[in-house]
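Trainee: I'd like to ask some things about the structure below.
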Amino acid sequence: MRRFHLPALLSAALVAAAAPAPAAPSRDSFDIVVLGARGGIEDGNLTSFLIRPRGDDGFLACDAGTLTAGIEAADRRGAFADVKPPPGAATTRVGYILTERVKGYLISHAHLDHVAGLIVASPEDSKKPIYALASTHAKIAGSYFNHDAWANFADTGAEPRLGKYHFVDLVPGEATPATGTAMSVTALPLAHGPVESTAFLLRSKDASMLCFGDTGADRTEHAQRLHAVWSAVADDVRHHTLKAIVIEASFPNSQPETALFGHMTPKLLLEELHDLADQAGGPQALRGLPVVVSHIKYSFKAGERPQAVIRRELEAGNDLGVRFIIPEQGDRYRF
Ligand SMILES: [Zn+2]
Ligand SMILES: [Zn+2]
């Protein structure tokens, strides 16, 4: 079992694996399980977060770069301690969690590090929806589920259609109930270089959270996509009902802004969070807000880990008092 290495500052956010479930679970907060924390290179640990309202059975996977290996790692660390497969179940615990508890996928865009786990698990997966913008569904159908790269497990695209995955096209800005969960999901488009990516706004009762796919900053993308996302949640921040943000900072500040490939650095993420604070009432508006920093690129370079560099750079500029969390595979958080 891996040991936790989070500083005391952050340890409060990390629920010890063996912690009992709350006596009276409520749906005004979220459980997040990290199936994959990296933005590339490290197969077996690519972007994916399981999210459910606290106390509910049904998860949505926000991106699916790694699924099976992530469920195995998280289960070893006790993240699914409350999940009890029925006695005599024909599947393993990992199989039960994937097929019975993951009720659908939110796919931000079709890059491999966001869909590889879904594609390779598809032969053993259960029937469920994939929620995405129409542009993302078109790429998944055209690039993967086309009977060349992989069999077509979807209900659209190349014939024959095996129909395991029902493609639900999300209309930007419109809330759609997520079947089998207590959540609704709203897609908000993002600029990720030349690719359209997506932020997902999840709501359960009065609580909400944001899970971002890959994105550049408005300044480097010459766009207003993030500004629009912040506008959409400014009232939630004001009312303290936005419980957490999962968002990327792929590279340290040393990466030139001309070589970001549609991603962000700590400097750019802090700029964007200032825009959110401005729209939500000022510099105090984000104090204590958990921000899970996803998609940090794995590096083969010797020396300090990118996670350590990015944490230091974020904290050095953290005049907003945001609670930055650097996730590792198998972590579970409650917000
Ligand atoms: Zn990515
Ligand atoms: Zn990408």
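Naming scheme: A, B, ... for chains in displayed order of the structure tokens; residues 1 onward per chain; ligands 1 onward as shown.
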Mind dumping a table of every chain A residue within 10 Å of ligand 1, with the nearest atom pair and its distance in Å to one decimal, using only C-alpha atoms and all ligand atoms, sorted by chain and rising number, as a Markdown table?
Mentor:
```
| residue | atom | partner | partner_atom_place_in_ligand_line | distance |
| --- | --- | --- | --- | --- |
| A:Arg38 | CA | ligand 1 | 1 (Zn) | 8.4 |
| A:Gly39 | CA | ligand 1 | 1 (Zn) | 5.0 |
| A:Gly40 | CA | ligand 1 | 1 (Zn) | 6.5 |
| A:Leu46 | CA | ligand 1 | 1 (Zn) | 8.2 |
| A:Thr47 | CA | ligand 1 | 1 (Zn) | 7.1 |
| A:Asp63 | CA | ligand 1 | 1 (Zn) | 9.5 |
| A:Gly65 | CA | ligand 1 | 1 (Zn) | 8.5 |
| A:Ser108 | CA | ligand 1 | 1 (Zn) | 9.3 |
| A:His109 | CA | ligand 1 | 1 (Zn) | 8.4 |
| A:Ala110 | CA | ligand 1 | 1 (Zn) | 8.9 |
| A:His111 | CA | ligand 1 | 1 (Zn) | 6.2 |
| A:Leu112 | CA | ligand 1 | 1 (Zn) | 7.5 |
| A:Asp113 | CA | ligand 1 | 1 (Zn) | 5.2 |
| A:His114 | CA | ligand 1 | 1 (Zn) | 6.0 |
| A:Val115 | CA | ligand 1 | 1 (Zn) | 9.5 |
| A:His192 | CA | ligand 1 | 1 (Zn) | 9.4 |
| A:Ser197 | CA | ligand 1 | 1 (Zn) | 9.8 |
| A:Gly213 | CA | ligand 1 | 1 (Zn) | 7.4 |
| A:Asp214 | CA | ligand 1 | 1 (Zn) | 5.5 |
| A:Thr215 | CA | ligand 1 | 1 (Zn) | 8.9 |
| A:Glu248 | CA | ligand 1 | 1 (Zn) | 9.1 |
| A:Ser250 | CA | ligand 1 | 1 (Zn) | 8.6 |
| A:Gly262 | CA | ligand 1 | 1 (Zn) | 9.6 |
| A:His263 | CA | ligand 1 | 1 (Zn) | 8.6 |
| A:Ser294 | CA | ligand 1 | 1 (Zn) | 9.6 |
| A:His295 | CA | ligand 1 | 1 (Zn) | 6.5 |
| A:Ile296 | CA | ligand 1 | 1 (Zn) | 9.3 |
| A:Lys297 | CA | ligand 1 | 1 (Zn) | 8.9 |
```
Trainee: List as a list of chain:residue names the protein and nucleic acid residues near Asn318 (chain A), meaning an atom at most 10 Å away when only C-alpha atoms are counted, but skip any in the same chain fewer than 3 places from it.
Mentor: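 Final neighbour list, sorted by chain and number: A:Pro266, A:Lys267, A:Leu270, A:Leu273, A:His274, A:Arg287, A:Arg312, A:Glu313, A:Leu314, A:Glu315, A:Gly321, A:Val322, A:Arg323, A:Phe324.
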Trainee: Could you save those same residues with N, CA, C and O atoms as a PDB file, in the first residue's frame?
Mentor:
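The resulting selection-v4.pdb:
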```pdb
ATOM      1  N   PRO A 266       0.836  26.948 -13.869  1.00  0.00           N
ATOM      2  CA  PRO A 266       0.333  27.556 -12.626  1.00  0.00           C
ATOM      3  C   PRO A 266       0.051  29.053 -12.774  1.00  0.00           C
ATOM      4  O   PRO A 266      -0.966  29.552 -12.284  1.00  0.00           O
ATOM      5  N   LYS A 267       0.941  29.764 -13.459  1.00  0.00           N
ATOM      6  CA  LYS A 267       0.736  31.215 -13.648  1.00  0.00           C
ATOM      7  C   LYS A 267      -0.593  31.487 -14.348  1.00  0.00           C
ATOM      8  O   LYS A 267      -1.372  32.350 -13.913  1.00  0.00           O
ATOM      9  N   LEU A 270      -3.631  30.618 -12.134  1.00  0.00           N
ATOM     10  CA  LEU A 270      -3.867  31.675 -11.141  1.00  0.00           C
ATOM     11  C   LEU A 270      -4.527  32.894 -11.793  1.00  0.00           C
ATOM     12  O   LEU A 270      -5.430  33.503 -11.197  1.00  0.00           O
ATOM     13  N   LEU A 273      -8.142  31.989 -12.135  1.00  0.00           N
ATOM     14  CA  LEU A 273      -8.875  31.989 -10.860  1.00  0.00           C
ATOM     15  C   LEU A 273      -9.129  33.421 -10.385  1.00  0.00           C
ATOM     16  O   LEU A 273     -10.147  33.695  -9.726  1.00  0.00           O
ATOM     17  N   HIS A 274      -8.230  34.330 -10.725  1.00  0.00           N
ATOM     18  CA  HIS A 274      -8.490  35.746 -10.406  1.00  0.00           C
ATOM     19  C   HIS A 274      -9.702  36.259 -11.171  1.00  0.00           C
ATOM     20  O   HIS A 274     -10.483  37.055 -10.647  1.00  0.00           O
ATOM     21  N   ARG A 287     -11.658  31.998  -1.106  1.00  0.00           N
ATOM     22  CA  ARG A 287     -10.898  31.550   0.062  1.00  0.00           C
ATOM     23  C   ARG A 287     -11.380  30.163   0.515  1.00  0.00           C
ATOM     24  O   ARG A 287     -12.568  29.963   0.742  1.00  0.00           O
ATOM     25  N   ARG A 312       4.599  24.199  -5.744  1.00  0.00           N
ATOM     26  CA  ARG A 312       5.323  25.362  -5.228  1.00  0.00           C
ATOM     27  C   ARG A 312       4.933  26.623  -5.998  1.00  0.00           C
ATOM     28  O   ARG A 312       4.719  27.687  -5.407  1.00  0.00           O
ATOM     29  N   GLU A 313       4.829  26.502  -7.314  1.00  0.00           N
ATOM     30  CA  GLU A 313       4.500  27.679  -8.120  1.00  0.00           C
ATOM     31  C   GLU A 313       3.066  28.162  -7.843  1.00  0.00           C
ATOM     32  O   GLU A 313       2.808  29.365  -7.827  1.00  0.00           O
ATOM     33  N   LEU A 314       2.163  27.236  -7.618  1.00  0.00           N
ATOM     34  CA  LEU A 314       0.787  27.631  -7.291  1.00  0.00           C
ATOM     35  C   LEU A 314       0.731  28.318  -5.931  1.00  0.00           C
ATOM     36  O   LEU A 314       0.099  29.364  -5.777  1.00  0.00           O
ATOM     37  N   GLU A 315       1.398  27.737  -4.953  1.00  0.00           N
ATOM     38  CA  GLU A 315       1.335  28.315  -3.605  1.00  0.00           C
ATOM     39  C   GLU A 315       2.018  29.682  -3.564  1.00  0.00           C
ATOM     40  O   GLU A 315       1.580  30.586  -2.844  1.00  0.00           O
ATOM     41  N   GLY A 321      -6.080  32.487  -1.516  1.00  0.00           N
ATOM     42  CA  GLY A 321      -6.383  31.561  -0.436  1.00  0.00           C
ATOM     43  C   GLY A 321      -7.102  30.308  -0.880  1.00  0.00           C
ATOM     44  O   GLY A 321      -7.817  29.663  -0.107  1.00  0.00           O
ATOM     45  N   VAL A 322      -6.889  29.923  -2.152  1.00  0.00           N
ATOM     46  CA  VAL A 322      -7.488  28.693  -2.683  1.00  0.00           C
ATOM     47  C   VAL A 322      -6.794  27.486  -2.036  1.00  0.00           C
ATOM     48  O   VAL A 322      -5.628  27.553  -1.680  1.00  0.00           O
ATOM     49  N   ARG A 323      -7.544  26.390  -1.868  1.00  0.00           N
ATOM     50  CA  ARG A 323      -6.945  25.160  -1.314  1.00  0.00           C
ATOM     51  C   ARG A 323      -6.525  24.250  -2.468  1.00  0.00           C
ATOM     52  O   ARG A 323      -7.338  23.478  -2.979  1.00  0.00           O
ATOM     53  N   PHE A 324      -5.273  24.363  -2.913  1.00  0.00           N
ATOM     54  CA  PHE A 324      -4.803  23.559  -4.029  1.00  0.00           C
ATOM     55  C   PHE A 324      -4.510  22.133  -3.573  1.00  0.00           C
ATOM     56  O   PHE A 324      -3.887  21.921  -2.535  1.00  0.00           O
TER      57      PHE A 324
END
```
Trainee: Find, counting only C-alpha atoms, the residue in A:Thr241, A:Thr186, A:Asn45, A:Thr258 that gets nearest to Ala132 (chain A).
Mentor: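 Closest to Ala132 (chain A) of all the choices is A:Thr186.
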Trainee: Fewer than 2 positions away in the same chain doesn't count, so skip those; otherwise give me all residues within 7 Å of region 189-191 of chain A, counting only C-alpha atoms, as a ChimeraX atom specification.
Mentor: /A:172,187,193,195-199,215-216,221,225-226
Trainee: Residues within 7 Å of Ile130 (chain A), please, as a PDB file with N, CA, C and O atoms, in the first residue's frame. Count only C-alpha atoms; anything in the same chain fewer than 5 positions from it doesn't count.
Mentor:
```pdb
ATOM      1  N   GLY A 104     -22.071   6.256 -16.097  1.00  0.00           N
ATOM      2  CA  GLY A 104     -21.906   6.940 -17.376  1.00  0.00           C
ATOM      3  C   GLY A 104     -20.577   7.666 -17.421  1.00  0.00           C
ATOM      4  O   GLY A 104     -19.876   7.770 -16.405  1.00  0.00           O
ATOM      5  N   TYR A 105     -20.238   8.141 -18.615  1.00  0.00           N
ATOM      6  CA  TYR A 105     -18.960   8.832 -18.828  1.00  0.00           C
ATOM      7  C   TYR A 105     -19.211  10.247 -19.306  1.00  0.00           C
ATOM      8  O   TYR A 105     -20.086  10.485 -20.151  1.00  0.00           O
ATOM      9  N   LEU A 106     -18.412  11.167 -18.777  1.00  0.00           N
ATOM     10  CA  LEU A 106     -18.360  12.539 -19.289  1.00  0.00           C
ATOM     11  C   LEU A 106     -17.033  12.655 -20.014  1.00  0.00           C
ATOM     12  O   LEU A 106     -15.979  12.572 -19.379  1.00  0.00           O
ATOM     13  N   TYR A 165     -22.840   1.686 -25.848  1.00  0.00           N
ATOM     14  CA  TYR A 165     -22.760   3.071 -25.367  1.00  0.00           C
ATOM     15  C   TYR A 165     -23.750   3.944 -26.111  1.00  0.00           C
ATOM     16  O   TYR A 165     -23.711   4.036 -27.336  1.00  0.00           O
ATOM     17  N   HIS A 166     -24.626   4.574 -25.333  1.00  0.00           N
ATOM     18  CA  HIS A 166     -25.595   5.517 -25.914  1.00  0.00           C
ATOM     19  C   HIS A 166     -24.963   6.903 -25.893  1.00  0.00           C
ATOM     20  O   HIS A 166     -24.649   7.432 -24.823  1.00  0.00           O
ATOM     21  N   PHE A 167     -24.736   7.466 -27.063  1.00  0.00           N
ATOM     22  CA  PHE A 167     -24.127   8.799 -27.148  1.00  0.00           C
ATOM     23  C   PHE A 167     -25.195   9.854 -26.871  1.00  0.00           C
ATOM     24  O   PHE A 167     -26.133  10.012 -27.650  1.00  0.00           O
ATOM     25  N   VAL A 168     -25.024  10.574 -25.769  1.00  0.00           N
ATOM     26  CA  VAL A 168     -25.928  11.677 -25.436  1.00  0.00           C
ATOM     27  C   VAL A 168     -25.208  12.981 -25.758  1.00  0.00           C
ATOM     28  O   VAL A 168     -24.253  13.359 -25.072  1.00  0.00           O
TER      29      VAL A 168
END
```
Trainee: Could you give me, as a ChimeraX atom specification, the residues within 9 Å of Asp169 (chain A), counting only C-alpha atoms and dropping anything in the same chain fewer than 4 positions from it?
Mentor: /A:130-137
Trainee: Can I get the selected residues back with C-alpha atoms, as an mmCIF file, in the first residue's frame?
Mentor:
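As a result, result_29.cif now contains:
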```cif
data_model
loop_
_atom_site.group_PDB
_atom_site.id
_atom_site.type_symbol
_atom_site.label_atom_id
_atom_site.label_comp_id
_atom_site.auth_asym_id
_atom_site.auth_seq_id
_atom_site.Cartn_x
_atom_site.Cartn_y
_atom_site.Cartn_z
ATOM 1 C CA ILE A 130 -21.474 8.703 -22.861
ATOM 2 C CA TYR A 131 -22.203 12.409 -22.324
ATOM 3 C CA ALA A 132 -20.212 14.806 -24.506
ATOM 4 C CA LEU A 133 -20.478 17.652 -26.953
ATOM 5 C CA ALA A 134 -21.466 16.545 -30.455
ATOM 6 C CA SER A 135 -17.975 17.407 -31.771
ATOM 7 C CA THR A 136 -16.378 15.000 -29.281
ATOM 8 C CA HIS A 137 -18.814 12.188 -30.070
#
```
Trainee: Could you check how far CA of Thr220 (chain A) sits from CA of Glu272 (chain A), in Å to one decimal?
Mentor: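 That distance, rounded to one decimal, is 11.3 Å.
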Trainee: Between CA of Ile107 (chain A) and CA of Phe49 (chain A), what is the distance, to one decimal in Å?
Mentor: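 Interatomic distance here is 11.0 Å.
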Trainee: Among region 98-242 of chain A, which ones does DSSP place in strand (DSSP E), written as a ChimeraX atom specification?
Mentor: /A:102-106,128-132,165-169,175-177,184-192,195-204,207-212,242
Trainee: Pull the alpha helix (DSSP H) assignments for region 58-109 of chain A out of DSSP run on the backbone, and list those residues as a VMD selection string.
Mentor: chain A and resid 68 to 76 93 to 96
Trainee: Might you pull out every residue within 10 Å of region 279-281 of chain A, with only C-alpha atoms counted and same-chain residues fewer than 3 positions away left off, and present them as a ChimeraX atom specification?
Mentor: /A:227,230-239,273-276,284-286
Trainee: Keeping C-alpha atoms, export the residues of the selection given above as a CSV table (one decimal), in the first residue's frame.
Mentor:
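Everything below was put into part_34.csv:
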```csv
chain,number,residue,atom,x,y,z
A,227,HIS,CA,-14.5,33.7,-18.8
A,230,TRP,CA,-16.6,31.5,-14.6
A,231,SER,CA,-19.7,33.6,-15.3
A,232,ALA,CA,-21.8,30.4,-15.2
A,233,VAL,CA,-20.7,29.6,-11.7
A,234,ALA,CA,-20.1,33.0,-10.1
A,235,ASP,CA,-23.4,32.9,-8.2
A,236,ASP,CA,-22.6,29.4,-6.9
A,237,VAL,CA,-19.3,30.7,-5.6
A,238,ARG,CA,-21.0,33.7,-4.0
A,239,HIS,CA,-23.5,31.3,-2.2
A,273,LEU,CA,-8.9,32.0,-10.9
A,274,HIS,CA,-8.5,35.7,-10.4
A,275,ASP,CA,-11.0,36.2,-13.2
A,276,LEU,CA,-13.4,33.9,-11.3
A,284,GLN,CA,-11.9,36.9,-0.8
A,285,ALA,CA,-14.5,35.0,-2.9
A,286,LEU,CA,-12.4,31.8,-3.4
```
